[in-house]
>>> print(open('protein.pdb').read())   # PDB, C-alpha atoms
MODEL        1
ATOM      1  CA  MET A  23       0.000   0.000   0.000  1.00  0.00           C
ATOM      2  CA  SER A  24       1.191   3.504  -0.814  1.00  0.00           C
ATOM      3  CA  VAL A  25       0.471   6.534   1.350  1.00  0.00           C
ATOM      4  CA  ILE A  26       0.094  10.246   0.632  1.00  0.00           C
ATOM      5  CA  LYS A  27       0.818  12.971   3.184  1.00  0.00           C
ATOM      6  CA  VAL A  28      -1.963  15.542   2.854  1.00  0.00           C
ATOM      7  CA  ALA A  29      -1.132  17.893   5.766  1.00  0.00           C
ATOM      8  CA  GLU A  30       1.463  18.606   8.443  1.00  0.00           C
ATOM      9  CA  ALA A  31       1.492  21.122  11.304  1.00  0.00           C
ATOM     10  CA  ASP A  32       2.794  21.888  14.777  1.00  0.00           C
ATOM     11  CA  PHE A  33       0.605  20.284  17.421  1.00  0.00           C
ATOM     12  CA  PRO A  34       0.918  21.541  21.011  1.00  0.00           C
ATOM     13  CA  THR A  35      -0.817  19.269  23.551  1.00  0.00           C
ATOM     14  CA  ARG A  36      -1.011  19.069  27.321  1.00  0.00           C
ATOM     15  CA  PHE A  37       1.555  16.262  27.070  1.00  0.00           C
ATOM     16  CA  GLY A  38       4.064  18.215  24.986  1.00  0.00           C
ATOM     17  CA  LEU A  39       4.765  19.675  21.551  1.00  0.00           C
ATOM     18  CA  PHE A  40       4.218  17.222  18.700  1.00  0.00           C
ATOM     19  CA  ARG A  41       4.013  17.461  14.934  1.00  0.00           C
ATOM     20  CA  ILE A  42       0.725  16.199  13.461  1.00  0.00           C
ATOM     21  CA  TYR A  43       0.424  14.620  10.008  1.00  0.00           C
ATOM     22  CA  GLY A  44      -2.614  13.680   7.945  1.00  0.00           C
ATOM     23  CA  PHE A  45      -2.312  10.690   5.613  1.00  0.00           C
ATOM     24  CA  GLU A  46      -4.498   8.898   3.117  1.00  0.00           C
ATOM     25  CA  SER A  47      -3.898   5.667   1.284  1.00  0.00           C
ATOM     26  CA  GLY A  48      -3.031   5.865  -2.389  1.00  0.00           C
ATOM     27  CA  ALA A  49      -6.045   3.768  -3.448  1.00  0.00           C
ATOM     28  CA  SER A  50      -7.544   4.332  -6.895  1.00  0.00           C
ATOM     29  CA  GLY A  51     -11.089   5.412  -5.973  1.00  0.00           C
ATOM     30  CA  PRO A  52     -12.363   7.802  -3.256  1.00  0.00           C
ATOM     31  CA  SER A  53     -14.381   5.009  -1.605  1.00  0.00           C
ATOM     32  CA  ASP A  54     -11.234   2.873  -1.289  1.00  0.00           C
ATOM     33  CA  LYS A  55      -9.149   5.513   0.473  1.00  0.00           C
ATOM     34  CA  GLU A  56      -8.263   5.118   4.128  1.00  0.00           C
ATOM     35  CA  GLU A  57      -7.276   8.019   6.368  1.00  0.00           C
ATOM     36  CA  ALA A  58      -5.063   8.168   9.434  1.00  0.00           C
ATOM     37  CA  VAL A  59      -3.321  10.737  11.597  1.00  0.00           C
ATOM     38  CA  ALA A  60       0.202  10.511  12.992  1.00  0.00           C
ATOM     39  CA  VAL A  61       1.296  12.505  16.042  1.00  0.00           C
ATOM     40  CA  LYS A  62       5.109  12.542  16.057  1.00  0.00           C
ATOM     41  CA  MET A  63       7.799  13.808  18.387  1.00  0.00           C
ATOM     42  CA  GLY A  64      11.496  13.921  17.547  1.00  0.00           C
ATOM     43  CA  ASP A  65      13.504  12.190  14.825  1.00  0.00           C
ATOM     44  CA  LEU A  66      12.232   8.675  14.056  1.00  0.00           C
ATOM     45  CA  THR A  67      15.307   7.605  12.093  1.00  0.00           C
ATOM     46  CA  GLY A  68      18.110   5.832  13.921  1.00  0.00           C
ATOM     47  CA  PRO A  69      17.304   3.393  16.753  1.00  0.00           C
ATOM     48  CA  PRO A  70      13.755   1.972  16.672  1.00  0.00           C
ATOM     49  CA  PRO A  71      11.379   4.554  18.192  1.00  0.00           C
ATOM     50  CA  LEU A  72       8.363   4.037  20.424  1.00  0.00           C
ATOM     51  CA  VAL A  73       5.246   3.509  18.284  1.00  0.00           C
ATOM     52  CA  ARG A  74       1.592   3.192  19.227  1.00  0.00           C
ATOM     53  CA  ILE A  75      -1.001   2.219  16.613  1.00  0.00           C
ATOM     54  CA  HIS A  76      -4.267   3.360  18.137  1.00  0.00           C
ATOM     55  CA  SER A  77      -7.702   2.591  16.755  1.00  0.00           C
ATOM     56  CA  GLN A  78     -10.229   5.396  17.023  1.00  0.00           C
ATOM     57  CA  CYS A  79     -12.543   5.010  20.014  1.00  0.00           C
ATOM     58  CA  LEU A  80     -15.031   7.872  20.140  1.00  0.00           C
ATOM     59  CA  THR A  81     -16.663   6.577  23.304  1.00  0.00           C
ATOM     60  CA  GLY A  82     -13.379   6.199  25.176  1.00  0.00           C
ATOM     61  CA  ASP A  83     -11.101   8.829  23.639  1.00  0.00           C
ATOM     62  CA  VAL A  84     -13.706  11.630  23.558  1.00  0.00           C
ATOM     63  CA  PHE A  85     -16.394  10.750  26.107  1.00  0.00           C
ATOM     64  CA  HIS A  86     -14.101   9.047  28.678  1.00  0.00           C
ATOM     65  CA  SER A  87     -16.030   5.773  28.624  1.00  0.00           C
ATOM     66  CA  LEU A  88     -15.072   3.359  31.379  1.00  0.00           C
ATOM     67  CA  ARG A  89     -16.215   0.340  29.341  1.00  0.00           C
ATOM     68  CA  CYS A  90     -12.728   0.140  27.785  1.00  0.00           C
ATOM     69  CA  ASP A  91      -9.140   1.215  28.419  1.00  0.00           C
ATOM     70  CA  CYS A  92      -8.633   2.940  25.048  1.00  0.00           C
ATOM     71  CA  ARG A  93      -8.227   6.518  26.275  1.00  0.00           C
ATOM     72  CA  ALA A  94      -5.970   5.410  29.113  1.00  0.00           C
ATOM     73  CA  GLN A  95      -3.750   3.513  26.650  1.00  0.00           C
ATOM     74  CA  LEU A  96      -3.578   6.528  24.329  1.00  0.00           C
ATOM     75  CA  GLU A  97      -2.601   8.872  27.143  1.00  0.00           C
ATOM     76  CA  LEU A  98      -0.034   6.409  28.498  1.00  0.00           C
ATOM     77  CA  ALA A  99       1.535   6.117  25.040  1.00  0.00           C
ATOM     78  CA  LEU A 100       1.771   9.905  24.649  1.00  0.00           C
ATOM     79  CA  GLU A 101       3.314  10.228  28.107  1.00  0.00           C
ATOM     80  CA  MET A 102       5.905   7.545  27.327  1.00  0.00           C
ATOM     81  CA  ILE A 103       6.837   9.227  24.046  1.00  0.00           C
ATOM     82  CA  VAL A 104       7.257  12.611  25.741  1.00  0.00           C
ATOM     83  CA  GLU A 105       9.395  11.040  28.467  1.00  0.00           C
ATOM     84  CA  GLU A 106      11.648   9.511  25.823  1.00  0.00           C
ATOM     85  CA  GLY A 107      11.591  12.579  23.559  1.00  0.00           C
ATOM     86  CA  ARG A 108      10.800  10.678  20.347  1.00  0.00           C
ATOM     87  CA  GLY A 109       8.119   8.418  18.971  1.00  0.00           C
ATOM     88  CA  VAL A 110       4.823   8.416  17.115  1.00  0.00           C
ATOM     89  CA  VAL A 111       1.165   7.569  17.668  1.00  0.00           C
ATOM     90  CA  ILE A 112      -0.690   6.516  14.514  1.00  0.00           C
ATOM     91  CA  TYR A 113      -4.427   7.074  14.974  1.00  0.00           C
ATOM     92  CA  GLU A 114      -6.575   4.951  12.659  1.00  0.00           C
ATOM     93  CA  LYS A 115     -10.288   5.171  11.848  1.00  0.00           C
ATOM     94  CA  LYS A 116     -11.002   1.606  12.995  1.00  0.00           C
ATOM     95  CA  GLU A 117     -13.775   2.138  15.534  1.00  0.00           C
ATOM     96  CA  GLY A 118     -14.874  -0.955  17.466  1.00  0.00           C
ATOM     97  CA  ARG A 119     -12.005  -3.140  16.150  1.00  0.00           C
ATOM     98  CA  GLY A 120     -13.114  -2.220  12.654  1.00  0.00           C
ATOM     99  CA  ILE A 121     -16.918  -2.677  12.849  1.00  0.00           C
ATOM    100  CA  GLY A 122     -17.727   1.053  12.966  1.00  0.00           C
ATOM    101  CA  LEU A 123     -19.275   3.339  15.562  1.00  0.00           C
ATOM    102  CA  LEU A 124     -22.949   2.427  15.245  1.00  0.00           C
ATOM    103  CA  ASN A 125     -22.219  -1.288  15.197  1.00  0.00           C
ATOM    104  CA  LYS A 126     -20.073  -0.781  18.286  1.00  0.00           C
ATOM    105  CA  LEU A 127     -23.068   0.788  20.016  1.00  0.00           C
ATOM    106  CA  ARG A 128     -25.166  -2.206  18.928  1.00  0.00           C
ATOM    107  CA  ALA A 129     -22.469  -4.392  20.485  1.00  0.00           C
ATOM    108  CA  TYR A 130     -22.741  -2.351  23.702  1.00  0.00           C
ATOM    109  CA  GLU A 131     -26.473  -3.141  23.738  1.00  0.00           C
ATOM    110  CA  LEU A 132     -25.725  -6.858  23.452  1.00  0.00           C
ATOM    111  CA  GLN A 133     -23.094  -6.565  26.175  1.00  0.00           C
ATOM    112  CA  ASP A 134     -25.725  -5.027  28.455  1.00  0.00           C
ATOM    113  CA  GLN A 135     -27.708  -8.236  27.869  1.00  0.00           C
ATOM    114  CA  GLY A 136     -24.769 -10.419  28.955  1.00  0.00           C
ATOM    115  CA  ALA A 137     -22.545 -10.911  25.901  1.00  0.00           C
ATOM    116  CA  ASP A 138     -18.825 -10.146  26.069  1.00  0.00           C
ATOM    117  CA  THR A 139     -17.150  -8.076  23.339  1.00  0.00           C
ATOM    118  CA  VAL A 140     -16.242 -11.078  21.173  1.00  0.00           C
ATOM    119  CA  GLU A 141     -19.705 -12.669  21.515  1.00  0.00           C
ATOM    120  CA  ALA A 142     -21.382  -9.341  20.700  1.00  0.00           C
ATOM    121  CA  ASN A 143     -19.357  -8.884  17.508  1.00  0.00           C
ATOM    122  CA  ASN A 144     -20.126 -12.465  16.475  1.00  0.00           C
ATOM    123  CA  GLN A 145     -23.859 -12.001  17.113  1.00  0.00           C
ATOM    124  CA  LEU A 146     -23.762  -8.966  14.825  1.00  0.00           C
ATOM    125  CA  GLY A 147     -22.157 -11.092  12.091  1.00  0.00           C
ATOM    126  CA  PHE A 148     -18.579  -9.826  12.479  1.00  0.00           C
ATOM    127  CA  GLU A 149     -15.302 -11.456  13.380  1.00  0.00           C
ATOM    128  CA  ALA A 150     -13.853 -10.447  16.741  1.00  0.00           C
ATOM    129  CA  ASP A 151     -11.339  -8.110  15.070  1.00  0.00           C
ATOM    130  CA  LEU A 152     -11.570  -6.790  11.485  1.00  0.00           C
ATOM    131  CA  ARG A 153      -8.523  -4.502  11.537  1.00  0.00           C
ATOM    132  CA  ASP A 154      -5.479  -4.675   9.288  1.00  0.00           C
ATOM    133  CA  TYR A 155      -2.286  -2.658   9.573  1.00  0.00           C
ATOM    134  CA  GLU A 156      -1.212  -1.964   5.993  1.00  0.00           C
ATOM    135  CA  LEU A 157      -1.798   1.792   6.306  1.00  0.00           C
ATOM    136  CA  PRO A 158       0.204   2.160   9.557  1.00  0.00           C
ATOM    137  CA  GLY A 159       2.963   0.118   7.916  1.00  0.00           C
ATOM    138  CA  ALA A 160       3.012   2.520   4.964  1.00  0.00           C
ATOM    139  CA  ILE A 161       3.094   5.528   7.309  1.00  0.00           C
ATOM    140  CA  LEU A 162       6.042   4.076   9.198  1.00  0.00           C
ATOM    141  CA  ARG A 163       7.858   3.524   5.904  1.00  0.00           C
ATOM    142  CA  PHE A 164       7.150   7.191   5.068  1.00  0.00           C
ATOM    143  CA  PHE A 165       8.992   8.120   8.279  1.00  0.00           C
ATOM    144  CA  GLN A 166      11.867   5.799   7.270  1.00  0.00           C
ATOM    145  CA  VAL A 167      11.947   3.840  10.510  1.00  0.00           C
ATOM    146  CA  SER A 168      14.348   0.892  10.688  1.00  0.00           C
ATOM    147  CA  GLY A 169      12.129  -0.912  13.171  1.00  0.00           C
ATOM    148  CA  VAL A 170       9.766  -0.082  16.016  1.00  0.00           C
ATOM    149  CA  ARG A 171       9.333  -0.611  19.707  1.00  0.00           C
ATOM    150  CA  LEU A 172       5.613  -1.260  19.605  1.00  0.00           C
ATOM    151  CA  MET A 173       3.474  -0.133  22.527  1.00  0.00           C
ATOM    152  CA  SER A 174       0.821  -2.848  22.447  1.00  0.00           C
ATOM    153  CA  ASN A 175      -0.627  -5.793  24.341  1.00  0.00           C
ATOM    154  CA  ASN A 176      -1.950  -7.429  21.164  1.00  0.00           C
ATOM    155  CA  PRO A 177       0.286 -10.153  19.663  1.00  0.00           C
ATOM    156  CA  GLU A 178      -1.773 -10.150  16.439  1.00  0.00           C
ATOM    157  CA  LYS A 179      -0.941  -6.463  15.941  1.00  0.00           C
ATOM    158  CA  ILE A 180       2.757  -7.269  16.294  1.00  0.00           C
ATOM    159  CA  GLN A 181       2.491 -10.061  13.714  1.00  0.00           C
ATOM    160  CA  ALA A 182       0.427  -7.941  11.332  1.00  0.00           C
ATOM    161  CA  LEU A 183       2.966  -5.112  11.466  1.00  0.00           C
ATOM    162  CA  VAL A 184       5.800  -7.536  10.733  1.00  0.00           C
ATOM    163  CA  GLU A 185       3.786  -8.862   7.775  1.00  0.00           C
ATOM    164  CA  ALA A 186       3.394  -5.244   6.608  1.00  0.00           C
ATOM    165  CA  GLY A 187       7.197  -5.058   6.429  1.00  0.00           C
ATOM    166  CA  ILE A 188       7.971  -3.258   9.685  1.00  0.00           C
ATOM    167  CA  PRO A 189      10.362  -5.046  12.078  1.00  0.00           C
ATOM    168  CA  VAL A 190       9.159  -5.026  15.692  1.00  0.00           C
ATOM    169  CA  THR A 191      12.317  -5.060  17.791  1.00  0.00           C
ATOM    170  CA  GLU A 192      10.497  -4.893  21.148  1.00  0.00           C
ATOM    171  CA  ARG A 193       6.975  -5.088  22.522  1.00  0.00           C
ATOM    172  CA  VAL A 194       6.491  -2.388  25.120  1.00  0.00           C
ATOM    173  CA  PRO A 195       3.521  -3.154  27.419  1.00  0.00           C
ATOM    174  CA  CYS A 196       0.770  -0.525  27.306  1.00  0.00           C
ATOM    175  CA  GLN A 197      -1.356  -1.459  30.291  1.00  0.00           C
ATOM    176  CA  PRO A 198      -2.896   1.321  32.369  1.00  0.00           C
ATOM    177  CA  GLY A 199      -4.612   0.501  35.643  1.00  0.00           C
ATOM    178  CA  ASP A 200      -7.729  -1.668  35.639  1.00  0.00           C
ATOM    179  CA  THR A 201     -11.162  -0.260  36.476  1.00  0.00           C
ATOM    180  CA  GLU A 202     -14.186  -2.134  37.768  1.00  0.00           C
ATOM    181  CA  GLN A 203     -16.209  -1.199  34.668  1.00  0.00           C
ATOM    182  CA  ALA A 204     -13.499  -2.313  32.196  1.00  0.00           C
ATOM    183  CA  HIS A 205     -12.499  -5.505  34.024  1.00  0.00           C
ATOM    184  CA  ARG A 206     -14.691  -7.864  31.962  1.00  0.00           C
ATOM    185  CA  TYR A 207     -13.574  -6.167  28.742  1.00  0.00           C
ATOM    186  CA  LEU A 208      -9.901  -6.682  29.644  1.00  0.00           C
ATOM    187  CA  TYR A 209     -10.539 -10.250  30.822  1.00  0.00           C
ATOM    188  CA  THR A 210     -12.084 -11.032  27.416  1.00  0.00           C
ATOM    189  CA  LYS A 211      -9.151  -9.389  25.619  1.00  0.00           C
ATOM    190  CA  LYS A 212      -6.741 -11.681  27.441  1.00  0.00           C
ATOM    191  CA  ASN A 213      -8.699 -14.923  27.478  1.00  0.00           C
ATOM    192  CA  LYS A 214     -10.421 -14.804  24.063  1.00  0.00           C
ATOM    193  CA  LEU A 215      -8.133 -12.593  21.984  1.00  0.00           C
ATOM    194  CA  GLY A 216      -4.789 -13.565  23.524  1.00  0.00           C
ATOM    195  CA  HIS A 217      -3.762 -10.070  24.615  1.00  0.00           C
ATOM    196  CA  LEU A 218      -0.713  -9.942  26.870  1.00  0.00           C
ATOM    197  CA  LEU A 219      -2.190  -8.506  30.045  1.00  0.00           C
ATOM    198  CA  ASP A 220      -1.100  -9.013  33.640  1.00  0.00           C
ATOM    199  CA  GLY A 221      -3.509  -9.616  36.489  1.00  0.00           C
ATOM    200  CA  PHE A 222      -6.314 -11.565  34.763  1.00  0.00           C
TER     201      PHE A 222
ENDMDL
END
>>> encode(input="protein.pdb", output="structure tokens")
Amino acid sequence: MSVIKVAEADFPTRFGLFRIYGFESGASGPSDKEEAVAVKMGDLTGPPPLVRIHSQCLTGDVFHSLRCDCRAQLELALEMIVEEGRGVVIYEKKEGRGIGLLNKLRAYELQDQGADTVEANNQLGFEADLRDYELPGAILRFFQVSGVRLMSNNPEKIQALVEAGIPVTERVPCQPGDTEQAHRYLYTKKNKLGHLLDGF
């Protein structure tokens, strides 16, 4: 997959000063194009930098939902990058592990009736996780990284990034504290999706 940079600007945040980039895939038709944002600090060439590939989560990232740990993971990743002085967060439009916002809300409804996140996706006719990582791989190639230290608890994400041509030299755990509301969600991530989480 090819990628096109469509915008770039300074991006001051409460964590620190980043540079923000807008990317779209080089697909042939408008309906085939994917979009993503990269928030970068420092020079990414040289030793493998810290990298977080974060899927959009409107409910967590914007509304501070306690049903998941998405916002907490995003903030932890930004803090770790600032502490190190270099790294990048790639923010993808892959709401609800790729099923979309409204389907994620339908999954919430099923979870209220007793289903876990995997069961809810299956009941809606989806696989547990529909995401791929070709676009993040292309963005990392744009930044000319030699490899990455991936902030993730998801072994499938590590494998998918390697398959996209990006060496993962280290997995850096990205596990904020547990909450009572998110406990079942995290338990399902570990026991049904194989995520590398401590304490479950």
>>> closest_residue(input="protein.pdb", among="A:Arg74, A:Lys27, A:Arg93, A:Arg108", to="Ser174 of chain A", atoms="only C-alpha atoms")
A:Arg74
>>> resolve_selection(input="protein.pdb", expression="the PyMOL selection byres ((chain A and resi 125) around 12)", output="number ranges by chain")
A: 116-124, 126-132, 139, 142-148
>>> resolve_selection(input="protein.pdb", expression="the PyMOL selection byres ((chain A and resi 39) around 10)", output="MDAnalysis selection string")
chainID A and resid 32:38 40:42 61:64 104
>>> residues_around(input="protein.pdb", residues="Ala99 of chain A", least_positions_apart="5", cutoff="10 Å", atoms="only C-alpha atoms", output="MDAnalysis selection string")
chainID A and resid 72:76 93:94 104:105 109:111 173:174 194:198
>>> residues_around(input="protein.pdb", residues="Leu157 of chain A", least_positions_apart="3", cutoff="7 Å", atoms="only C-alpha atoms", output="number ranges by chain")
A: 23, 47, 160-161
>>> residues_around(input="protein.pdb", residues="Ile180 of chain A", least_positions_apart="2", cutoff="12 Å", atoms="all atoms listed in the file", output="PyMOL selection string")
chain A and resi 73-75+154-155+158-159+169-178+182-195+217-218
>>> atom_distance(input="protein.pdb", atom1="atom CA of Phe164 of chain A", atom2="atom CA of Leu152 of chain A")
24.2 Å
>>> atom_distance(input="protein.pdb", atom1="atom CA of Gln135 of chain A", atom2="atom CA of Cys79 of chain A")
21.6 Å
>>> atom_distance(input="protein.pdb", atom1="atom CA of Pro70 of chain A", atom2="atom CA of Gly44 of chain A")
21.9 Å
>>> closest_residue(input="protein.pdb", among="A:Gln95, A:Asp138, A:Val84, A:Pro71", to="Gly107 of chain A", atoms="all atoms listed in the file")
A:Pro71
>>> decode(input="protein.pdb", residues="segment 115-128 of chain A", atoms="N, CA and C atoms", output="compact mmCIF listing (two decimals), in the first residue's frame")
# COMPACT_ATOMS: atom_id res chain seq x y z
N LYS A 115 -8.82 5.18 11.79
CA LYS A 115 -10.29 5.17 11.85
C LYS A 115 -10.78 3.73 11.80
N LYS A 116 -10.63 3.03 12.92
CA LYS A 116 -11.00 1.61 12.99
C LYS A 116 -11.87 1.38 14.24
N GLU A 117 -12.91 2.17 14.36
CA GLU A 117 -13.78 2.14 15.53
C GLU A 117 -14.30 0.73 15.81
N GLY A 118 -14.30 0.34 17.08
CA GLY A 118 -14.87 -0.95 17.47
C GLY A 118 -14.17 -2.14 16.84
N ARG A 119 -12.81 -2.10 16.81
CA ARG A 119 -12.01 -3.14 16.15
C ARG A 119 -12.39 -3.31 14.69
N GLY A 120 -12.85 -2.21 14.08
CA GLY A 120 -13.11 -2.22 12.65
C GLY A 120 -14.58 -2.36 12.25
N ILE A 121 -15.51 -2.48 13.23
CA ILE A 121 -16.92 -2.68 12.85
C ILE A 121 -17.67 -1.36 12.69
N GLY A 122 -17.08 -0.25 13.11
CA GLY A 122 -17.73 1.05 12.97
C GLY A 122 -18.47 1.48 14.23
N LEU A 123 -18.71 2.77 14.33
CA LEU A 123 -19.28 3.34 15.56
C LEU A 123 -20.67 2.81 15.89
N LEU A 124 -21.58 2.83 14.93
CA LEU A 124 -22.95 2.43 15.24
C LEU A 124 -23.03 0.94 15.56
N ASN A 125 -22.25 0.13 14.85
CA ASN A 125 -22.22 -1.29 15.20
C ASN A 125 -21.59 -1.50 16.57
N LYS A 126 -20.63 -0.66 16.94
CA LYS A 126 -20.07 -0.78 18.29
C LYS A 126 -21.14 -0.49 19.34
N LEU A 127 -21.99 0.49 19.07
CA LEU A 127 -23.07 0.79 20.02
C LEU A 127 -24.08 -0.36 20.07
N ARG A 128 -24.31 -1.01 18.92
CA ARG A 128 -25.17 -2.21 18.93
C ARG A 128 -24.51 -3.31 19.76
